[in-house]
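Asker: Coordinates in protein.txt, compact mmCIF, C-alpha atoms, are listed below.
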```
# COMPACT_ATOMS: atom_id res chain seq x y z
CA MET Z 1 30.61 3.82 2.13
CA ALA Z 2 28.63 0.61 2.76
CA GLU Z 3 26.30 0.51 5.76
CA THR Z 4 25.65 -2.41 8.09
CA GLY Z 5 22.33 -3.02 9.81
CA LYS Z 6 19.55 -5.46 10.63
CA GLN Z 7 17.34 -6.95 7.92
CA LEU Z 8 14.55 -9.52 7.86
CA PHE Z 9 14.80 -12.53 5.55
CA THR Z 10 12.32 -15.33 4.86
CA THR Z 11 13.38 -18.75 3.54
CA LEU Z 12 11.14 -21.65 2.53
CA GLU Z 13 12.77 -25.06 2.17
CA SER Z 14 11.54 -27.91 -0.02
CA ASP Z 15 10.32 -29.83 3.05
CA GLY Z 16 7.99 -26.95 3.97
CA THR Z 17 10.13 -25.41 6.69
CA LEU Z 18 9.69 -21.63 6.71
CA THR Z 19 12.33 -19.62 8.57
CA VAL Z 20 11.87 -15.90 9.16
CA ALA Z 21 14.83 -14.26 10.84
CA ILE Z 22 16.56 -10.95 11.50
CA GLU Z 23 20.17 -10.95 10.29
CA GLU Z 24 23.05 -8.49 10.23
CA THR Z 25 23.52 -7.32 6.64
CA THR Z 26 25.98 -5.12 4.77
CA PHE Z 27 24.24 -2.86 2.27
CA PRO Z 28 26.17 -1.93 -0.89
CA GLU Z 29 26.66 1.60 -2.08
CA PRO Z 30 23.89 2.66 -4.49
CA THR Z 31 24.73 3.02 -8.18
CA GLY Z 32 23.05 4.74 -11.12
CA ASN Z 33 19.57 5.87 -10.14
CA GLN Z 34 19.58 3.93 -6.88
CA VAL Z 35 19.33 5.52 -3.44
CA LEU Z 36 20.13 4.12 -0.01
CA VAL Z 37 17.29 4.83 2.40
CA LYS Z 38 17.53 4.63 6.19
CA ILE Z 39 14.12 3.07 6.80
CA GLU Z 40 12.18 4.74 9.62
CA ALA Z 41 8.76 3.13 9.14
CA ALA Z 42 7.26 0.31 7.06
CA PRO Z 43 3.68 -1.06 7.19
CA ILE Z 44 2.69 -4.72 7.19
CA ASN Z 45 0.19 -4.91 4.35
CA PRO Z 46 -1.80 -7.99 3.32
CA SER Z 47 0.33 -8.07 0.16
CA ASP Z 48 3.43 -8.55 2.35
CA LEU Z 49 2.09 -11.62 4.12
CA ALA Z 50 2.26 -13.92 1.10
CA ILE Z 51 6.04 -14.02 1.33
CA LEU Z 52 6.37 -13.16 5.02
CA THR Z 53 4.09 -15.80 6.55
CA GLY Z 54 2.07 -17.45 3.78
CA ALA Z 55 -0.19 -20.20 5.10
CA ALA Z 56 2.41 -21.51 7.57
CA ASP Z 57 1.41 -22.77 11.03
CA PHE Z 58 2.59 -20.03 13.39
CA GLU Z 59 0.42 -21.27 16.25
CA ASN Z 60 2.81 -24.20 16.70
CA ALA Z 61 6.00 -22.59 15.40
CA GLU Z 62 9.36 -22.42 17.19
CA TYR Z 63 10.05 -18.90 18.48
CA SER Z 64 13.37 -17.43 19.59
CA PRO Z 65 14.58 -13.80 19.72
CA GLY Z 66 14.59 -12.44 16.16
CA LYS Z 67 13.73 -15.78 14.60
CA VAL Z 68 10.72 -18.04 14.00
CA VAL Z 69 10.54 -21.43 12.30
CA ALA Z 70 7.17 -22.72 11.09
CA LYS Z 71 5.78 -25.45 8.83
CA MET Z 72 4.05 -24.65 5.55
CA PRO Z 73 1.14 -26.98 4.65
CA GLU Z 74 2.10 -29.30 1.81
CA SER Z 75 -0.76 -28.08 -0.38
CA PHE Z 76 0.71 -24.55 -0.32
CA ASN Z 77 4.35 -25.62 -0.33
CA ILE Z 78 3.91 -27.45 -3.63
CA GLY Z 79 2.83 -24.25 -5.33
CA GLN Z 80 5.92 -22.37 -4.14
CA LYS Z 81 8.68 -24.55 -5.53
CA ALA Z 82 10.23 -21.56 -7.31
CA ARG Z 83 11.23 -19.99 -3.99
CA HIS Z 84 12.52 -23.13 -2.26
CA GLY Z 85 15.92 -22.50 -0.72
CA GLN Z 86 15.93 -18.80 -1.56
CA ARG Z 87 16.70 -16.30 1.21
CA LEU Z 88 14.30 -13.48 0.40
CA PRO Z 89 13.83 -9.98 1.85
CA ALA Z 90 10.33 -8.70 2.60
CA GLY Z 91 8.44 -5.45 3.03
CA ASN Z 92 7.02 -3.84 -0.10
CA GLU Z 93 7.03 -0.21 1.01
CA GLY Z 94 8.37 2.14 3.65
CA ALA Z 95 9.72 5.60 4.30
CA GLY Z 96 12.93 7.13 5.54
CA ALA Z 97 15.83 9.44 4.79
CA VAL Z 98 18.06 9.12 1.72
CA ILE Z 99 21.63 8.89 3.06
CA ALA Z 100 23.50 7.96 -0.14
CA THR Z 101 22.83 7.97 -3.87
CA GLY Z 102 24.13 6.66 -7.13
CA GLU Z 103 25.56 8.92 -9.81
CA GLY Z 104 22.24 9.42 -11.63
CA ASP Z 105 20.74 12.92 -11.58
CA MET Z 106 17.35 11.66 -10.36
CA ALA Z 107 19.01 9.88 -7.46
CA LYS Z 108 21.30 12.77 -6.52
CA ALA Z 109 18.32 15.14 -6.37
CA LEU Z 110 16.93 13.07 -3.48
CA MET Z 111 20.03 13.21 -1.26
CA GLY Z 112 19.09 14.14 2.31
CA GLN Z 113 15.34 14.06 1.66
CA ARG Z 114 12.77 11.95 3.46
CA VAL Z 115 11.04 9.76 0.88
CA ALA Z 116 8.45 7.04 0.57
CA CYS Z 117 9.85 4.12 -1.42
CA VAL Z 118 9.01 0.66 -2.72
CA PRO Z 119 12.20 -1.39 -2.28
CA GLY Z 120 10.59 -4.78 -1.64
CA SER Z 121 12.96 -5.07 1.34
CA ALA Z 122 11.58 -2.47 3.74
CA TYR Z 123 11.70 -4.67 6.87
CA SER Z 124 15.23 -3.53 7.38
CA GLN Z 125 17.23 -0.68 8.83
CA TYR Z 126 18.43 0.25 5.35
CA ALA Z 127 17.15 -0.44 1.84
CA ILE Z 128 18.27 0.17 -1.73
CA ALA Z 129 15.47 1.75 -3.78
CA ASP Z 130 15.01 3.05 -7.31
CA ALA Z 131 14.82 6.84 -7.38
CA SER Z 132 12.02 6.71 -9.95
CA MET Z 133 9.86 4.88 -7.41
CA CYS Z 134 10.57 7.31 -4.56
CA LEU Z 135 8.15 10.00 -3.46
CA PRO Z 136 9.70 13.01 -1.67
CA LEU Z 137 7.61 13.60 1.47
CA GLY Z 138 8.52 17.20 2.18
CA ASP Z 139 7.35 18.06 5.69
CA HIS Z 140 5.46 14.80 6.16
CA SER Z 141 6.79 12.34 8.72
CA ALA Z 142 7.97 8.84 7.85
CA GLU Z 143 4.94 7.40 9.64
CA GLU Z 144 2.60 9.54 7.51
CA GLY Z 145 4.41 8.50 4.34
CA ALA Z 146 5.09 4.84 5.10
CA SER Z 147 1.85 3.64 3.50
CA SER Z 148 1.78 6.15 0.67
CA PHE Z 149 2.28 3.70 -2.19
CA VAL Z 150 0.56 0.31 -2.06
CA ASN Z 151 -2.94 1.21 -0.85
CA PRO Z 152 -3.22 4.77 -2.25
CA MET Z 153 -1.88 3.88 -5.68
CA THR Z 154 -3.97 0.69 -5.79
CA ALA Z 155 -7.18 2.57 -4.95
CA LEU Z 156 -6.40 5.27 -7.51
CA SER Z 157 -5.55 2.61 -10.09
CA PHE Z 158 -8.94 0.93 -9.57
CA ALA Z 159 -10.63 4.19 -10.51
CA GLU Z 160 -8.21 4.75 -13.39
CA ASN Z 161 -8.74 1.19 -14.66
CA ALA Z 162 -12.52 1.59 -14.49
CA ARG Z 163 -12.46 4.82 -16.50
CA MET Z 164 -10.14 3.26 -19.09
CA ASP Z 165 -12.70 0.47 -19.54
CA GLY Z 166 -15.60 2.91 -19.84
CA GLN Z 167 -17.14 2.07 -16.47
CA LYS Z 168 -19.14 4.48 -14.35
CA ALA Z 169 -19.18 2.41 -11.16
CA ILE Z 170 -17.06 -0.04 -9.18
CA LEU Z 171 -17.90 -2.88 -6.80
CA HIS Z 172 -15.42 -3.52 -3.97
CA THR Z 173 -15.71 -6.55 -1.69
CA VAL Z 174 -13.84 -5.21 1.37
CA GLY Z 175 -15.25 -1.72 1.66
CA ALA Z 176 -14.16 -1.11 5.27
CA SER Z 177 -10.47 -1.86 4.72
CA ASN Z 178 -7.89 0.91 4.73
CA LEU Z 179 -7.81 0.72 0.94
CA GLY Z 180 -11.59 0.55 0.81
CA GLN Z 181 -11.96 3.74 2.81
CA MET Z 182 -9.60 5.49 0.41
CA LEU Z 183 -11.65 4.20 -2.53
CA VAL Z 184 -14.84 5.63 -1.00
CA LYS Z 185 -13.25 9.08 -0.92
CA ILE Z 186 -11.74 8.78 -4.40
CA CYS Z 187 -15.04 7.75 -5.99
CA GLN Z 188 -16.81 10.64 -4.30
CA GLU Z 189 -14.18 13.08 -5.57
CA ASP Z 190 -14.22 11.60 -9.10
CA GLY Z 191 -17.96 11.08 -9.48
CA LEU Z 192 -17.72 7.29 -9.77
CA GLY Z 193 -20.43 5.03 -8.38
CA LEU Z 194 -19.28 2.55 -5.74
CA VAL Z 195 -20.84 -0.51 -4.15
CA ASN Z 196 -19.11 -1.42 -0.86
CA ILE Z 197 -19.42 -4.91 0.62
CA VAL Z 198 -18.58 -5.22 4.34
CA ARG Z 199 -19.00 -7.96 6.97
CA LYS Z 200 -20.29 -6.20 10.10
CA GLN Z 201 -22.79 -3.54 11.09
CA GLU Z 202 -20.06 -1.36 12.61
CA GLN Z 203 -18.34 -1.41 9.22
CA VAL Z 204 -21.58 -0.32 7.59
CA ASP Z 205 -21.69 2.60 10.01
CA LEU Z 206 -18.02 3.42 9.36
CA ILE Z 207 -18.35 3.54 5.58
CA LYS Z 208 -21.64 5.41 5.62
CA GLY Z 209 -20.00 7.88 7.97
CA LEU Z 210 -17.53 8.60 5.16
CA GLY Z 211 -20.45 9.44 2.87
CA ALA Z 212 -20.80 6.13 1.03
CA ALA Z 213 -24.24 5.73 -0.54
CA HIS Z 214 -24.21 1.98 -1.21
CA VAL Z 215 -23.01 -0.30 1.60
CA VAL Z 216 -24.04 -3.96 1.76
CA ASN Z 217 -23.46 -6.25 4.76
CA SER Z 218 -22.56 -9.81 3.72
CA SER Z 219 -23.66 -11.06 7.17
CA ASP Z 220 -27.26 -9.98 6.63
CA ASP Z 221 -29.86 -12.56 5.68
CA ASP Z 222 -30.96 -10.38 2.78
CA PHE Z 223 -27.40 -9.77 1.56
CA MET Z 224 -28.00 -10.93 -2.01
CA GLU Z 225 -31.18 -8.87 -2.39
CA ASN Z 226 -29.41 -5.79 -1.05
CA LEU Z 227 -26.43 -6.43 -3.32
CA LYS Z 228 -28.67 -6.68 -6.38
CA THR Z 229 -30.39 -3.43 -5.43
CA ALA Z 230 -27.05 -1.63 -5.10
CA ILE Z 231 -25.81 -2.96 -8.43
CA ALA Z 232 -29.06 -2.00 -10.15
CA GLU Z 233 -28.84 1.55 -8.80
CA THR Z 234 -25.19 2.04 -9.81
CA ASP Z 235 -24.61 -0.27 -12.81
CA ALA Z 236 -21.57 -1.66 -10.98
CA PHE Z 237 -20.80 -4.64 -13.21
CA TYR Z 238 -17.07 -4.20 -12.59
CA GLY Z 239 -15.52 -5.28 -9.30
CA PHE Z 240 -12.31 -5.76 -7.33
CA ASP Z 241 -11.86 -8.52 -4.76
CA PRO Z 242 -8.89 -9.16 -2.43
CA ILE Z 243 -10.49 -12.15 -0.70
CA GLY Z 244 -9.77 -14.63 -3.48
CA GLY Z 245 -11.00 -17.84 -1.89
CA GLY Z 246 -14.57 -18.78 -1.11
CA SER Z 247 -17.78 -17.64 -2.78
CA MET Z 248 -17.65 -13.83 -2.72
CA VAL Z 249 -16.74 -13.47 -6.41
CA ASP Z 250 -19.41 -16.02 -7.26
CA ASN Z 251 -22.00 -14.04 -5.29
CA CYS Z 252 -21.04 -10.85 -7.09
CA PHE Z 253 -21.34 -12.46 -10.51
CA LYS Z 254 -24.72 -13.98 -9.57
CA ALA Z 255 -26.06 -10.61 -8.41
CA MET Z 256 -24.74 -8.84 -11.52
CA GLU Z 257 -26.34 -11.42 -13.82
CA GLN Z 258 -29.68 -11.35 -12.03
CA VAL Z 259 -29.76 -7.56 -12.30
CA ALA Z 260 -28.85 -7.78 -15.98
CA GLN Z 261 -31.53 -10.42 -16.66
CA SER Z 262 -34.17 -8.28 -14.94
CA LYS Z 263 -33.60 -5.69 -17.66
CA MET Z 264 -33.94 -8.16 -20.56
CA THR Z 265 -37.05 -8.04 -22.73
CA GLU Z 266 -36.50 -11.48 -24.26
CA PHE Z 267 -35.36 -14.79 -22.78
CA SER Z 268 -31.95 -16.16 -23.79
CA ARG Z 269 -30.69 -19.61 -22.88
CA TYR Z 270 -27.19 -18.11 -22.69
CA GLY Z 271 -28.08 -15.48 -20.12
CA SER Z 272 -27.64 -11.74 -20.50
CA ASN Z 273 -25.15 -10.10 -22.83
CA GLN Z 274 -24.16 -7.64 -20.09
CA PRO Z 275 -20.34 -7.76 -19.65
CA LYS Z 276 -19.51 -8.61 -16.05
CA ARG Z 277 -15.95 -8.41 -14.81
CA MET Z 278 -14.24 -9.18 -11.49
CA PHE Z 279 -10.57 -8.78 -10.62
CA ILE Z 280 -8.93 -10.75 -7.80
CA TYR Z 281 -6.10 -8.66 -6.36
CA GLY Z 282 -5.30 -10.57 -3.15
CA ARG Z 283 -5.69 -13.83 -1.23
CA LEU Z 284 -7.12 -12.96 2.16
CA ASP Z 285 -8.77 -16.38 1.91
CA MET Z 286 -6.23 -18.98 0.79
CA GLY Z 287 -8.97 -21.48 -0.08
CA THR Z 288 -10.42 -22.42 -3.46
CA THR Z 289 -12.23 -19.76 -5.47
CA THR Z 290 -15.76 -21.09 -5.97
CA LEU Z 291 -17.55 -20.40 -9.25
CA THR Z 292 -20.92 -21.79 -10.32
CA PRO Z 293 -22.63 -21.96 -13.76
CA SER Z 294 -25.23 -19.36 -12.89
CA TYR Z 295 -24.28 -16.18 -14.71
CA GLY Z 296 -24.32 -16.99 -18.38
CA PHE Z 297 -21.24 -16.51 -20.52
CA GLY Z 298 -20.76 -12.75 -20.48
CA TRP Z 299 -18.30 -12.67 -17.59
CA THR Z 300 -14.56 -12.37 -17.06
CA LEU Z 301 -12.50 -13.18 -13.97
CA SER Z 302 -8.84 -12.22 -13.91
CA GLY Z 303 -6.03 -11.34 -11.57
CA TRP Z 304 -4.94 -7.75 -10.95
CA LEU Z 305 -1.65 -6.45 -9.57
CA LEU Z 306 -0.53 -2.88 -9.06
CA THR Z 307 2.95 -3.04 -10.59
CA PRO Z 308 1.88 -4.39 -14.01
CA PHE Z 309 -0.91 -1.81 -14.15
CA LEU Z 310 1.51 1.05 -13.46
CA GLN Z 311 3.98 -0.31 -15.99
CA ASN Z 312 1.29 -0.20 -18.67
CA ALA Z 313 -0.23 3.12 -17.62
CA SER Z 314 0.94 6.37 -19.19
CA LYS Z 315 3.67 8.36 -17.50
CA GLU Z 316 1.21 11.26 -17.25
CA ALA Z 317 -1.31 9.10 -15.37
CA VAL Z 318 1.26 7.77 -12.90
CA THR Z 319 2.67 11.25 -12.26
CA ARG Z 320 -0.84 12.59 -11.72
CA MET Z 321 -1.67 9.83 -9.24
CA ARG Z 322 1.54 10.28 -7.26
CA LYS Z 323 0.96 14.03 -7.04
CA ARG Z 324 -2.57 13.41 -5.79
CA VAL Z 325 -1.31 11.05 -3.08
CA LEU Z 326 1.22 13.56 -1.78
CA GLU Z 327 -1.30 16.41 -1.75
CA ASN Z 328 -3.80 14.31 0.23
CA LEU Z 329 -1.50 12.20 2.39
CA THR Z 330 -3.12 13.15 5.69
CA THR Z 331 -6.72 13.18 4.41
CA THR Z 332 -7.89 10.90 1.60
CA PHE Z 333 -4.84 8.64 1.84
CA ALA Z 334 -4.19 8.69 5.58
CA SER Z 335 -3.40 5.38 7.30
CA SER Z 336 -3.64 4.48 10.97
CA TYR Z 337 -1.95 1.69 12.90
CA LYS Z 338 -2.93 -0.57 15.76
CA ALA Z 339 0.64 -1.11 16.94
CA LYS Z 340 4.25 -0.26 16.25
CA VAL Z 341 6.95 -2.93 16.54
CA ASP Z 342 10.65 -3.11 15.85
CA LEU Z 343 12.14 -5.86 13.68
CA GLU Z 344 12.46 -8.32 16.55
CA GLY Z 345 9.00 -7.39 17.80
CA MET Z 346 7.35 -8.32 14.52
CA LEU Z 347 8.59 -11.91 14.97
CA THR Z 348 7.02 -12.57 18.35
CA LYS Z 349 4.16 -15.04 18.53
CA ASP Z 350 1.62 -12.50 19.75
CA ALA Z 351 2.48 -10.07 16.95
CA ILE Z 352 2.47 -12.62 14.12
CA LEU Z 353 -0.80 -14.22 15.16
CA ASP Z 354 -2.33 -10.76 15.44
CA TYR Z 355 -1.22 -9.02 12.23
CA ARG Z 356 -1.60 -12.06 9.99
CA ARG Z 357 -5.36 -12.05 10.74
CA MET Z 358 -5.51 -8.89 8.58
CA LYS Z 359 -8.45 -7.45 10.50
CA THR Z 360 -9.86 -4.10 9.41
CA GLY Z 361 -8.26 -1.17 11.22
CA GLU Z 362 -5.54 -3.27 12.88
CA LYS Z 363 -2.50 -2.74 10.66
CA TYR Z 364 0.98 -2.92 12.18
CA LEU Z 365 3.81 -0.46 11.53
CA VAL Z 366 7.43 -1.66 11.69
CA THR Z 367 9.91 0.91 13.03
CA PRO Z 368 13.36 -0.69 12.55
CA TRP Z 369 15.19 1.78 14.78
CA GLN Z 370 12.69 1.73 17.66
```
As a first step, turn the structure in this file into structure tokens.

Answerer:
Amino acid sequence: MAETGKQLFTTLESDGTLTVAIEETTFPEPTGNQVLVKIEAAPINPSDLAILTGAADFENAEYSPGKVVAKMPESFNIGQKARHGQRLPAGNEGAGAVIATGEGDMAKALMGQRVACVPGSAYSQYAIADASMCLPLGDHSAEEGASSFVNPMTALSFAENARMDGQKAILHTVGASNLGQMLVKICQEDGLGLVNIVRKQEQVDLIKGLGAAHVVNSSDDDFMENLKTAIAETDAFYGFDPIGGGSMVDNCFKAMEQVAQSKMTEFSRYGSNQPKRMFIYGRLDMGTTTLTPSYGFGWTLSGWLLTPFLQNASKEAVTRMRKRVLENLTTTFASSYKAKVDLEGMLTKDAILDYRRMKTGEKYLVTPWQ
């Protein structure tokens, strides 16, 4: 039997008009290995904001109950032609109870269970999800399990990716984030070196309080010297950056190269032959990524996304990571929230302007049935 409930949709028109609205939707019966989940909780992650708000002007948007209309800057609208006119759901992950299943054995085994899922449409009262991407939560609450996929699996995948590439240390440019705190704990448990970059002294204190040995404050006057020292002590020539825009990646490459050159016994006009690699996995800064010709030629910058990594990883590795998340859901992989809002509440001006700032420790949780 089909269910009817509220769901959020986001639509970007060719003229740059972005409409985000709550609509009444009829959800089809699941088929095959699909399950129908009654969503109880869904986090607003930075990865959700690209489609939810993008770079649109929400300061001067038009607000009405359950609906907001904003203008997308032309420079960003041009790059999103593929989505023009499409009415898209949002919300990568969430948790709730399975109330109906398809005929597949994997799906039927989840009937009645509370699960974490990755439907891509979690800002909704119901969502269709693939059973293979559902994690049974057992006695854990929906709030505890709502953020059990994106950040935990991303942090674990960083460590997995590093080991696959023969690395013994990682550099992370937002060490105090929810994901960053998870990575601190993972690297301690796995014996991986980790260089954490943060922006404030209180974040230094936070990360060191978790046991991190190498924490560098980008606001300090001696930031670059401290960064070079941390890289030299860990051999962290392999980093992950969710900022994207600005000069952070450039700074990391510069520091890596200067450390590498300090170990050279002979001068080379081409710089060191030390491989240096950075992955951009987000766009907290929507500006231009600045790179300068100051780190030789032995460097690689590429994008990184969780889903392609998991698709290429072995089934054994993915199963192992998911098991680890469930076993440590309230410790290593615990998430906290600044505020809880219902679907209409997430579209108020105060809420949007607050959660789109993506400040450390101020994540929002959407509770569709609140």

Asker: Could you please determine the separation between CA of Gly211 in chain Z and CA of Lys185 in chain Z in Å, to one decimal place?

Answerer: 8.1 Å

Asker: Of the candidates Z:Pro152, Z:Ile39, Z:Lys208, Z:Cys117, which one gets nearest to Thr331 in chain Z if we count only C-alpha atoms?

Answerer: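 That would be Z:Pro152, the residue with the smallest distance to Thr331 in chain Z.
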
Asker: What's around Ala42 in chain Z at 7 Å? Count only C-alpha atoms, leave out sequence neighbours fewer than 2 positions away in its own chain, and write the answer as a ChimeraX atom specification.

Answerer: /Z:44,93-95,122-123,146,365-367

Asker: List the neighbours of range 286-291 of chain Z out to 12 Å using all atoms listed in the file; skip same-chain residues closer than 6 positions along the sequence, and give me the result as an MDAnalysis selection string.

Answerer: chainID Z and resid 49:50 54:56 73 75:76 241:254 278 280 299:302

Asker: Deliver the residues from the most recent selection as a file, using C-alpha atoms, as a PDB file, in the coordinates of the input.

Answerer:
```
ATOM      1  CA  LEU Z  49       2.090 -11.620   4.120  1.00  0.00           C
ATOM      2  CA  ALA Z  50       2.260 -13.920   1.100  1.00  0.00           C
ATOM      3  CA  GLY Z  54       2.070 -17.450   3.780  1.00  0.00           C
ATOM      4  CA  ALA Z  55      -0.190 -20.200   5.100  1.00  0.00           C
ATOM      5  CA  ALA Z  56       2.410 -21.510   7.570  1.00  0.00           C
ATOM      6  CA  PRO Z  73       1.140 -26.980   4.650  1.00  0.00           C
ATOM      7  CA  SER Z  75      -0.760 -28.080  -0.380  1.00  0.00           C
ATOM      8  CA  PHE Z  76       0.710 -24.550  -0.320  1.00  0.00           C
ATOM      9  CA  ASP Z 241     -11.860  -8.520  -4.760  1.00  0.00           C
ATOM     10  CA  PRO Z 242      -8.890  -9.160  -2.430  1.00  0.00           C
ATOM     11  CA  ILE Z 243     -10.490 -12.150  -0.700  1.00  0.00           C
ATOM     12  CA  GLY Z 244      -9.770 -14.630  -3.480  1.00  0.00           C
ATOM     13  CA  GLY Z 245     -11.000 -17.840  -1.890  1.00  0.00           C
ATOM     14  CA  GLY Z 246     -14.570 -18.780  -1.110  1.00  0.00           C
ATOM     15  CA  SER Z 247     -17.780 -17.640  -2.780  1.00  0.00           C
ATOM     16  CA  MET Z 248     -17.650 -13.830  -2.720  1.00  0.00           C
ATOM     17  CA  VAL Z 249     -16.740 -13.470  -6.410  1.00  0.00           C
ATOM     18  CA  ASP Z 250     -19.410 -16.020  -7.260  1.00  0.00           C
ATOM     19  CA  ASN Z 251     -22.000 -14.040  -5.290  1.00  0.00           C
ATOM     20  CA  CYS Z 252     -21.040 -10.850  -7.090  1.00  0.00           C
ATOM     21  CA  PHE Z 253     -21.340 -12.460 -10.510  1.00  0.00           C
ATOM     22  CA  LYS Z 254     -24.720 -13.980  -9.570  1.00  0.00           C
ATOM     23  CA  MET Z 278     -14.240  -9.180 -11.490  1.00  0.00           C
ATOM     24  CA  ILE Z 280      -8.930 -10.750  -7.800  1.00  0.00           C
ATOM     25  CA  TRP Z 299     -18.300 -12.670 -17.590  1.00  0.00           C
ATOM     26  CA  THR Z 300     -14.560 -12.370 -17.060  1.00  0.00           C
ATOM     27  CA  LEU Z 301     -12.500 -13.180 -13.970  1.00  0.00           C
ATOM     28  CA  SER Z 302      -8.840 -12.220 -13.910  1.00  0.00           C
TER      29      SER Z 302
END
```

Asker: Using all atoms listed in the file, which residue out of Z:Ala162, Z:Phe9, Z:Ser294, Z:Gly209 lies closest to Lys67 in chain Z?

Answerer: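 So, comparing all the options, the nearest one is Z:Phe9.
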